Structures are given as C-alpha cells and as structure tokens.
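J.: One structure follows; several queries about it will come next.
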Amino acid sequence: MNHKRPESVLIIVYTQQGEVLLLRRKYPNDFWQSVTGSLEWGERPIDAAVRELHEETGLTNQAVCDCHSEQSFKIYSIWRKRYAPGVVMNREHVYRLQLPEKVDIKLDSREHEAFQWLPRLHAADLVFSHTNQAAILRWVPE
C-alpha cells in the first residue's frame with residue numbers, strides 16, 4: 001500500500017476587495033475550506049499548490065505566491081489510516097493568490113460540491129480547519 005505523504009499545501013484565494021474563495025467538501029466530510037491538498041511523493045510544495053489550484057478550481061496560469069509559512073496540525077483519527085503507521089502530524093505549506101475580482105470556479109465534482117466568495121472575517125469563521133482560519137486572517141488584507 002502506498003501511504004499518503006504527511007505534507008500538504010493550503011492556497012488562500014482572494015480578491016482585491018478581500019473576498020475569500022471557499023469550497024465545500026462533499027459528504028461525508030461536508031465542511032468549508034480553502035484550496036488544499038497533499039503533496040505527492042517527490043513533488044515540491046509550489047508544484048503541488050499549482051496542481052491543486054487547477055484541480056480544485058480550474059484556474060491555470062496564476063501567479064501563486066509562496067507565503068514562506070508552514071503550519072503543523074494533528075491528523076484526525078478518521079483520516080490516519082491513509083498514512084504510514086505512527087504518523088500523526090501533517091506539515092502544511094501556505095500559499096496565496098490575489099485575483100483582481102471574483103471569477104467563476106470549475107469545481108472537481110469528486111471532491112467539492114459548492115463554492116462561495118465571502119468577506120475575510122466571514123470566511124475565517126466558516127472554515128473547518130484552525131490552520132485555514134489562521135492563514136485567512138494573516139494573509140488576506142483587511
């Protein structure tokens with residue numbers, strides 16, 4: 001069995017007006033989040049960020065900005081079986097993408113069922129992950 005790499009990217013997508021893009025995970029997870037995903041083995045974080053942005057939103061040729069920030073979080077027990085035995089922590093690399101205005105998003109229907117653009121504070125309140133919330137508050141201008 002190939003175990004999942006315990007390293008991921010988080011990409012905060014927002015407009016010049018401070019509207020943050022959130023994606024709703026499909027059931028059974030059913031929560032709101034920014035663009036995120038695990039690194040493949042041998043993949044660089046920036047490459048994973050560009051890949052995940054395209055896979056989850058359909059956006060291509062975007063200048064994703066490396067925030068040079070990493071966060072670690074405990075992997076919830078319901079997802080630990082994807083990782084090697086004993087792995088309990090994930091390292092997350094933070095990226096951001098500022099767009100001039102809201103754009104239509106092409107969701108990957110296998111992962112997400114809805115998207116919305118929300119003001120910074122509303123988006124931070126709605127996301128499931130505390131690291132996602134912290135990244136929105138830190139990297140999206142007020």
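Following the order of the structure tokens, first chain is A, next is B, and so on, with residues numbered from 1 inside each chain and ligands from 1 in the order they appear.
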If DSSP is run on the backbone, what residues of stretch 62-129 of chain A are strand (DSSP E)? A reply as a list in words would be ideal.

T.: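 Here is the list: Cys65, Asp66, Cys67, His68, Ser69, Glu70, Gln71, Ser72, Phe73, Lys74, Met89, Asn90, Arg91, Glu92, His93, Val94, Tyr95, Arg96, Leu97, Gln98, Leu99, His112, Glu113, Ala114, Phe115, Gln116, Trp117, Leu118 and Pro119 of chain A.
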
J.: Would you export the selected residues with N, CA, C and O atoms as a short mmCIF file (atom, residue, chain, number, x, y, z; two decimals), in the first residue's frame, please?

T.:
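To be explicit, this is the file written out as out_33.cif:
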```cif
data_model
loop_
_atom_site.label_atom_id
_atom_site.label_comp_id
_atom_site.auth_asym_id
_atom_site.auth_seq_id
_atom_site.Cartn_x
_atom_site.Cartn_y
_atom_site.Cartn_z
N CYS A 65 1.58 32.82 -4.87
CA CYS A 65 2.63 33.44 -4.04
C CYS A 65 2.93 32.56 -2.83
O CYS A 65 2.03 32.21 -2.06
N ASP A 66 4.19 32.21 -2.66
CA ASP A 66 4.63 31.43 -1.50
C ASP A 66 4.69 32.37 -0.30
O ASP A 66 5.41 33.38 -0.31
N CYS A 67 3.93 32.06 0.75
CA CYS A 67 3.93 32.89 1.95
C CYS A 67 5.14 32.60 2.85
O CYS A 67 5.34 33.28 3.85
N HIS A 68 5.94 31.59 2.48
CA HIS A 68 7.09 31.17 3.28
C HIS A 68 6.66 30.94 4.73
O HIS A 68 7.29 31.40 5.67
N SER A 69 5.54 30.25 4.84
CA SER A 69 4.95 29.95 6.14
C SER A 69 4.51 28.49 6.15
O SER A 69 3.95 28.00 5.18
N GLU A 70 4.80 27.82 7.24
CA GLU A 70 4.38 26.44 7.42
C GLU A 70 3.64 26.32 8.74
O GLU A 70 3.94 27.03 9.70
N GLN A 71 2.69 25.41 8.75
CA GLN A 71 1.93 25.13 9.95
C GLN A 71 1.88 23.62 10.10
O GLN A 71 1.89 22.90 9.11
N SER A 72 1.83 23.14 11.32
CA SER A 72 1.66 21.71 11.55
C SER A 72 0.36 21.49 12.29
O SER A 72 -0.06 22.33 13.10
N PHE A 73 -0.28 20.39 11.97
CA PHE A 73 -1.52 20.06 12.68
C PHE A 73 -1.62 18.55 12.85
O PHE A 73 -1.04 17.78 12.09
N LYS A 74 -2.37 18.18 13.86
CA LYS A 74 -2.60 16.76 14.14
C LYS A 74 -3.61 16.22 13.13
O LYS A 74 -4.63 16.84 12.85
N MET A 89 1.09 13.70 12.55
CA MET A 89 1.17 15.12 12.27
C MET A 89 1.35 15.36 10.77
O MET A 89 1.97 14.57 10.07
N ASN A 90 0.80 16.48 10.30
CA ASN A 90 0.93 16.90 8.90
C ASN A 90 1.56 18.29 8.87
O ASN A 90 1.23 19.14 9.70
N ARG A 91 2.46 18.49 7.92
CA ARG A 91 3.07 19.81 7.71
C ARG A 91 2.38 20.46 6.51
O ARG A 91 2.30 19.87 5.45
N GLU A 92 1.91 21.69 6.71
CA GLU A 92 1.15 22.41 5.68
C GLU A 92 1.92 23.66 5.25
O GLU A 92 2.30 24.47 6.08
N HIS A 93 2.12 23.81 3.94
CA HIS A 93 2.78 24.97 3.35
C HIS A 93 1.69 25.94 2.88
O HIS A 93 0.75 25.52 2.19
N VAL A 94 1.84 27.22 3.20
CA VAL A 94 0.79 28.19 2.88
C VAL A 94 1.18 29.03 1.66
O VAL A 94 2.29 29.56 1.57
N TYR A 95 0.21 29.14 0.75
CA TYR A 95 0.34 29.95 -0.46
C TYR A 95 -0.89 30.85 -0.56
O TYR A 95 -1.91 30.60 0.10
N ARG A 96 -0.78 31.88 -1.38
CA ARG A 96 -1.94 32.76 -1.60
C ARG A 96 -1.99 33.18 -3.05
O ARG A 96 -0.98 33.18 -3.76
N LEU A 97 -3.18 33.56 -3.46
CA LEU A 97 -3.40 34.04 -4.80
C LEU A 97 -4.42 35.16 -4.73
O LEU A 97 -5.56 34.95 -4.32
N GLN A 98 -3.99 36.37 -5.09
CA GLN A 98 -4.90 37.51 -5.15
C GLN A 98 -5.35 37.70 -6.59
O GLN A 98 -4.52 37.80 -7.50
N LEU A 99 -6.65 37.74 -6.79
CA LEU A 99 -7.24 37.97 -8.10
C LEU A 99 -7.83 39.38 -8.14
O LEU A 99 -8.24 39.91 -7.10
N HIS A 112 -15.59 18.43 -4.26
CA HIS A 112 -16.35 19.58 -3.76
C HIS A 112 -17.70 19.69 -4.43
O HIS A 112 -17.87 19.29 -5.58
N GLU A 113 -18.65 20.27 -3.70
CA GLU A 113 -20.00 20.39 -4.25
C GLU A 113 -20.48 21.83 -4.36
O GLU A 113 -21.53 22.08 -4.95
N ALA A 114 -19.73 22.78 -3.82
CA ALA A 114 -20.15 24.18 -3.90
C ALA A 114 -18.95 25.09 -3.64
O ALA A 114 -17.95 24.66 -3.07
N PHE A 115 -19.08 26.33 -4.08
CA PHE A 115 -18.08 27.35 -3.75
C PHE A 115 -18.81 28.64 -3.45
O PHE A 115 -19.96 28.83 -3.83
N GLN A 116 -18.13 29.51 -2.74
CA GLN A 116 -18.66 30.85 -2.49
C GLN A 116 -17.51 31.81 -2.20
O GLN A 116 -16.44 31.39 -1.78
N TRP A 117 -17.77 33.07 -2.48
CA TRP A 117 -16.83 34.15 -2.17
C TRP A 117 -17.41 34.89 -0.98
O TRP A 117 -18.55 35.35 -1.01
N LEU A 118 -16.60 35.01 0.08
CA LEU A 118 -17.08 35.64 1.31
C LEU A 118 -16.10 36.70 1.81
O LEU A 118 -14.89 36.58 1.59
N PRO A 119 -16.61 37.69 2.54
CA PRO A 119 -15.70 38.65 3.18
C PRO A 119 -14.74 37.91 4.12
O PRO A 119 -15.07 36.85 4.67
#
```

J.: Need the shell around A:Lys4: protein/DNA/RNA residues with any atom at most 8 Å away, counting only C-alpha atoms. Skip same-chain ones fewer than 5 positions apart. Format as a PyMOL selection string?

T.: chain A and resi 38+40+82-84

J.: I'd like the contact shell of A:Val35 - 7 Å cut-off, only C-alpha atoms, skipping same-chain residues fewer than 3 positions apart - returned as a ChimeraX atom specification.

T.: /A:10-12,52-53,56

J.: Could you dump the residues just selected with N, CA, C and O atoms as a PDB file, in the first residue's frame?

T.:
```
ATOM      1  N   LEU A  10      -1.873  24.667   1.374  1.00  0.00           N
ATOM      2  CA  LEU A  10      -3.096  25.427   1.590  1.00  0.00           C
ATOM      3  C   LEU A  10      -2.952  26.684   0.745  1.00  0.00           C
ATOM      4  O   LEU A  10      -1.956  27.400   0.882  1.00  0.00           O
ATOM      5  N   ILE A  11      -3.905  26.912  -0.147  1.00  0.00           N
ATOM      6  CA  ILE A  11      -3.846  28.084  -1.026  1.00  0.00           C
ATOM      7  C   ILE A  11      -5.046  28.973  -0.728  1.00  0.00           C
ATOM      8  O   ILE A  11      -6.197  28.572  -0.953  1.00  0.00           O
ATOM      9  N   ILE A  12      -4.778  30.166  -0.216  1.00  0.00           N
ATOM     10  CA  ILE A  12      -5.834  31.131   0.066  1.00  0.00           C
ATOM     11  C   ILE A  12      -6.036  31.951  -1.204  1.00  0.00           C
ATOM     12  O   ILE A  12      -5.113  32.641  -1.655  1.00  0.00           O
ATOM     13  N   GLU A  52      -2.989  21.624  -7.286  1.00  0.00           N
ATOM     14  CA  GLU A  52      -4.240  21.622  -6.517  1.00  0.00           C
ATOM     15  C   GLU A  52      -5.153  22.782  -6.916  1.00  0.00           C
ATOM     16  O   GLU A  52      -6.364  22.618  -7.003  1.00  0.00           O
ATOM     17  N   LEU A  53      -4.567  23.945  -7.158  1.00  0.00           N
ATOM     18  CA  LEU A  53      -5.370  25.092  -7.598  1.00  0.00           C
ATOM     19  C   LEU A  53      -6.107  24.752  -8.886  1.00  0.00           C
ATOM     20  O   LEU A  53      -7.304  25.004  -9.009  1.00  0.00           O
ATOM     21  N   GLU A  56      -8.820  21.809  -8.249  1.00  0.00           N
ATOM     22  CA  GLU A  56      -9.979  22.137  -7.423  1.00  0.00           C
ATOM     23  C   GLU A  56     -10.782  23.338  -7.910  1.00  0.00           C
ATOM     24  O   GLU A  56     -11.929  23.494  -7.510  1.00  0.00           O
TER      25      GLU A  56
END
```

J.: Considering only C-alpha atoms, state which residue in the set A:Gln33, A:Pro45, A:Tyr76, A:Leu23 is at the smallest distance from A:Thr131.

T.: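 That would be A:Gln33, the residue with the smallest distance to A:Thr131.
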
J.: Identify, on the basis of only C-alpha atoms, every residue whose closest approach to A:Glu55 does not exceed 12 Å; exclude the query and any residue fewer than 3 positions from it along the same chain; express the result as a list in words.

T.: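 That gives Val35, Thr36, Gly37, Ala48, Ala49, Val50, Arg51, Glu52, Gly58, Leu59, Thr60, Ile105, Lys106, Leu107, Asp108, Ser109, Arg110, Glu111 and His112 of chain A.
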
J.: Using N, CA, C and O atoms, can you export the residues from the last selection as a compact mmCIF listing (two decimals), in the first residue's frame?

T.:
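Contents of selection-v1.txt, as written:
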```txt
# COMPACT_ATOMS: atom_id res chain seq x y z
N VAL A 35 -8.57 26.12 -0.91
CA VAL A 35 -7.95 25.10 -1.76
C VAL A 35 -6.85 24.43 -0.95
O VAL A 35 -6.02 25.11 -0.33
N THR A 36 -6.84 23.12 -0.95
CA THR A 36 -5.85 22.39 -0.17
C THR A 36 -5.64 21.01 -0.77
O THR A 36 -6.49 20.51 -1.50
N GLY A 37 -4.51 20.41 -0.46
CA GLY A 37 -4.26 19.06 -0.92
C GLY A 37 -2.89 18.57 -0.52
O GLY A 37 -1.99 19.35 -0.21
N ALA A 48 2.78 21.35 -6.07
CA ALA A 48 1.52 20.85 -5.51
C ALA A 48 0.48 21.97 -5.43
O ALA A 48 -0.70 21.75 -5.72
N ALA A 49 0.93 23.17 -5.07
CA ALA A 49 0.00 24.30 -4.97
C ALA A 49 -0.62 24.62 -6.33
O ALA A 49 -1.84 24.82 -6.44
N VAL A 50 0.20 24.66 -7.36
CA VAL A 50 -0.30 24.94 -8.72
C VAL A 50 -1.23 23.82 -9.18
O VAL A 50 -2.30 24.07 -9.75
N ARG A 51 -0.84 22.58 -8.92
CA ARG A 51 -1.66 21.43 -9.32
C ARG A 51 -3.01 21.44 -8.61
O ARG A 51 -4.07 21.30 -9.23
N GLU A 52 -2.99 21.62 -7.29
CA GLU A 52 -4.24 21.62 -6.52
C GLU A 52 -5.15 22.78 -6.92
O GLU A 52 -6.36 22.62 -7.00
N GLY A 58 -10.07 24.88 -11.42
CA GLY A 58 -9.97 25.09 -12.86
C GLY A 58 -9.08 26.26 -13.23
O GLY A 58 -8.83 26.50 -14.41
N LEU A 59 -8.54 26.99 -12.26
CA LEU A 59 -7.68 28.14 -12.53
C LEU A 59 -6.30 27.68 -12.98
O LEU A 59 -5.69 26.79 -12.36
N THR A 60 -5.81 28.28 -14.06
CA THR A 60 -4.48 27.95 -14.58
C THR A 60 -3.70 29.23 -14.82
O THR A 60 -4.26 30.32 -14.86
N ILE A 105 -15.71 29.47 -10.83
CA ILE A 105 -14.85 28.36 -10.46
C ILE A 105 -15.40 27.07 -11.07
O ILE A 105 -16.61 26.84 -11.06
N LYS A 106 -14.50 26.23 -11.56
CA LYS A 106 -14.88 24.92 -12.09
C LYS A 106 -14.46 23.88 -11.05
O LYS A 106 -13.29 23.51 -10.97
N LEU A 107 -15.43 23.44 -10.26
CA LEU A 107 -15.14 22.51 -9.17
C LEU A 107 -14.83 21.10 -9.68
O LEU A 107 -15.36 20.67 -10.70
N ASP A 108 -13.99 20.41 -8.93
CA ASP A 108 -13.78 18.98 -9.14
C ASP A 108 -14.92 18.29 -8.39
O ASP A 108 -14.92 18.24 -7.16
N SER A 109 -15.89 17.77 -9.12
CA SER A 109 -17.10 17.23 -8.50
C SER A 109 -16.84 16.00 -7.65
O SER A 109 -17.70 15.59 -6.87
N ARG A 110 -15.66 15.40 -7.75
CA ARG A 110 -15.34 14.26 -6.89
C ARG A 110 -15.01 14.72 -5.47
O ARG A 110 -15.11 13.94 -4.53
N GLU A 111 -14.59 15.98 -5.32
CA GLU A 111 -14.17 16.48 -4.01
C GLU A 111 -15.08 17.54 -3.41
O GLU A 111 -15.28 17.58 -2.21
N HIS A 112 -15.59 18.43 -4.26
CA HIS A 112 -16.35 19.58 -3.76
C HIS A 112 -17.70 19.69 -4.43
O HIS A 112 -17.87 19.29 -5.58
```

J.: What are the DSSP alpha helix (DSSP H) residues of stretch 2-142 of chain A, as a ChimeraX atom specification?

T.: /A:45-57,120-126,130-139

J.: How far is it from atom CA of A:Leu121 to atom CA of A:Gln133, in Å with one decimal?

T.: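 For atom CA of A:Leu121 relative to atom CA of A:Gln133, the distance reads 9.1 Å.
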
J.: Enter the distance from atom CA of A:Asn61 to atom CA of A:Arg44, in Å, rounded to one decimal.

T.: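 That distance, rounded to one decimal, is 17.4 Å.
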
J.: Could you list, as a list of chain:residue names, every residue within 7 Å of A:Gly18, counting only C-alpha atoms and ignoring same-chain residues fewer than 6 positions away?

T.: A:Pro119, A:Arg120, A:Val140, A:Pro141, A:Glu142

J.: Please produce a file of those selected residues containing N, CA, C and O atoms, as an mmCIF file, in the first residue's frame.

T.:
```
data_model
loop_
_atom_site.group_PDB
_atom_site.id
_atom_site.type_symbol
_atom_site.label_atom_id
_atom_site.label_comp_id
_atom_site.auth_asym_id
_atom_site.auth_seq_id
_atom_site.Cartn_x
_atom_site.Cartn_y
_atom_site.Cartn_z
ATOM 1 N N PRO A 119 -16.609 37.688 2.535
ATOM 2 C CA PRO A 119 -15.700 38.645 3.180
ATOM 3 C C PRO A 119 -14.742 37.906 4.121
ATOM 4 O O PRO A 119 -15.071 36.845 4.673
ATOM 5 N N ARG A 120 -13.582 38.471 4.287
ATOM 6 C CA ARG A 120 -12.474 37.869 5.044
ATOM 7 C C ARG A 120 -12.905 37.279 6.396
ATOM 8 O O ARG A 120 -12.622 36.116 6.693
ATOM 9 N N VAL A 140 -4.895 37.533 4.152
ATOM 10 C CA VAL A 140 -5.856 38.315 3.377
ATOM 11 C C VAL A 140 -5.917 39.717 4.006
ATOM 12 O O VAL A 140 -6.262 39.838 5.180
ATOM 13 N N PRO A 141 -5.608 40.745 3.236
ATOM 14 C CA PRO A 141 -5.626 42.111 3.797
ATOM 15 C C PRO A 141 -7.025 42.493 4.294
ATOM 16 O O PRO A 141 -8.030 42.062 3.744
ATOM 17 N N GLU A 142 -7.032 43.310 5.328
ATOM 18 C CA GLU A 142 -8.315 43.790 5.888
ATOM 19 C C GLU A 142 -8.945 44.807 4.966
ATOM 20 O O GLU A 142 -8.307 45.503 4.248
#
```

J.: What does the distance between atom CA of A:Tyr27 and atom CA of A:Val127 come to in Å, to one decimal place?

T.: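 Spanning atom CA of A:Tyr27 to atom CA of A:Val127 is a straight-line distance of 15.5 Å.
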
J.: Can you work out which one of A:Leu21, A:Asn2, A:Val9, A:Ser34 has the shortest atom-to-atom distance to A:Asp104, counting only C-alpha atoms?

T.: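 The closest residue to A:Asp104 is A:Leu21.
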